[in-house]
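Visitor: Before I ask anything, let me first share the structure, which is written out below as structure tokens.
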Amino acid sequence: ANETVAKDLQATLVELIDLSLLGKQAHWNVVGPQFRSIHLVLDESVDLTRASSDRVAERIATIGVAPDGRAETVGTGSELPPFPAGFVPVTDTVQFVSGAIETISVRMKERILRIGDSDPVSQDILIGTTDELEKAGWMLRSQLTI
């Protein structure tokens, strides 16, 4: 059970680190109407993913496995598509980042079910992180909703 938990937490760590990098790239390169509000929401999302990745990494270490957040591991382990190069319009940025958040949320729900009762603490961390990610996605998408 510990091996499955560690594997799921490690996959989550890689995705959260990648999402934080993707979010920062989006933050620097978003352009167009509503730039400022999107720019600020993206920064909040990056802060959330960084805090969440730290919590997940600490849980991995707590259960006796070395967390791996090295650039090489993230680069080869994450399946998120890279954020486009150059300046990206607000609407495209919101769609891209919220899509990445949704992808990770779906995967995390699968991990939550897989971990089940074998490690309620790790499961709780994933549940809380998923809740926060889904809220961040909603906050981002809501910037464009009329």
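By order of appearance in the structure tokens: chains A, B, ..., then residues from 1 within every chain, and ligands from 1 in the order shown.
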Mind checking which residues fall within 9 Å of segment 85-92 of chain A, counting only C-alpha atoms, ignoring those fewer than 4 positions away in the same chain, and posting them as a VMD selection string?
Guide: chain A and resid 25 to 26 28 to 35 38 96 to 97 144
Visitor: Counting only C-alpha atoms, what is within 12 Å of Ala71 of chain A, bar same-chain residues fewer than 2 positions away, as a list in words?
Guide: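 With the cut-off at 12 Å, the set is Leu13, Val14, Glu15, Ile17, Asp18, Leu21, Asp68, Gly69, Thr73, Val74, Gly75, Thr76, Gly77 and Ser78 of chain A.
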Visitor: Which residues are close to segment 47-54 of chain A, i.e. within 6 Å by only C-alpha atoms, leaving aside same-chain residues fewer than 3 positions away? Reply as a list of chain:residue names.
Guide: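 Surrounding residues, per the criterion: A:Leu13, A:Leu16, A:Ser20, A:Glu44, A:Ala57.
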Visitor: Store the residues of this selection in a file with C-alpha atoms, as a PDB file, in the first residue's frame.
Guide:
```pdb
ATOM      1  CA  LEU A  13       4.178  16.316  -6.978  1.00  0.00           C
ATOM      2  CA  LEU A  16       1.923  20.378  -9.282  1.00  0.00           C
ATOM      3  CA  SER A  20       3.316  26.086 -11.044  1.00  0.00           C
ATOM      4  CA  GLU A  44      -2.494  33.295  -6.717  1.00  0.00           C
ATOM      5  CA  ALA A  57       6.578  16.405  -1.012  1.00  0.00           C
TER       6      ALA A  57
END
```
Visitor: Counting only C-alpha atoms, which of A:Val121, A:Glu3, A:Gln95, A:Ile60 gets nearest to Gln143 of chain A?
Guide: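 Using only C-alpha atoms, the shortest distance to Gln143 of chain A belongs to A:Gln95.
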Visitor: Determine which residues of chain A DSSP labels as helix (DSSP H, G or I) from the backbone of this structure, then write them out as a VMD selection string.
Guide: chain A and resid 2 to 29 35 to 62 71 to 77 90 to 118 120 to 142
Visitor: Neighbours of Ala6 of chain A within 12 Å (only C-alpha atoms; same-chain residues fewer than 6 positions away dropped), as a list in words?
Guide: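 Surrounding residues, per the criterion: Thr12, Leu13, Val56, Ala57, Glu58, Arg59, Ile60, Ala61, Thr62, Ile63, Gly64, Val65, Ala66, Pro67, Asp68, Arg111, Arg114, Ile115, Ser118, Asp119, Ser122 and Gln123 of chain A.
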Visitor: Counting only C-alpha atoms, which residue out of A:Leu40, A:Pro82, A:Leu19, A:Glu132 sits closest to Ile104 of chain A?
Guide: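 Between A:Leu40, A:Pro82, A:Leu19, A:Glu132, the residue approaching Ile104 of chain A most closely is A:Leu19.
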Visitor: I'd like the neighbourhood of Ser98 of chain A as a ChimeraX atom specification, where a residue qualifies if any of its atoms comes within 10 Å (using only C-alpha atoms), though same-chain residues fewer than 3 positions away should be ignored.
Guide: /A:23,92-95,101-104,133-134,136-141
Visitor: Do you have the atom CA of Pro84 of chain A-atom CA of Arg70 of chain A distance handy?
Guide: 22.1 Å
Visitor: Among chain A, which residues carry a DSSP assignment of strand (DSSP E), reported as a ChimeraX atom specification?
Guide: /A:30-31,88-89
Visitor: With N, CA and C atoms retained, write the just-selected residues as a compact mmCIF listing (two decimals), in the first residue's frame.
Guide:
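What landed in again_31.txt:
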```txt
# COMPACT_ATOMS: atom_id res chain seq x y z
N VAL A 30 0.71 36.71 -20.43
CA VAL A 30 -0.68 36.98 -20.78
C VAL A 30 -0.80 38.44 -21.25
N VAL A 31 -1.61 38.65 -22.28
CA VAL A 31 -1.83 39.99 -22.81
C VAL A 31 -3.29 40.17 -23.19
N VAL A 88 0.52 35.49 -25.04
CA VAL A 88 -0.68 34.70 -25.29
C VAL A 88 -1.90 35.51 -24.85
N PRO A 89 -2.91 35.64 -25.72
CA PRO A 89 -4.11 36.41 -25.38
C PRO A 89 -4.80 35.85 -24.13
```
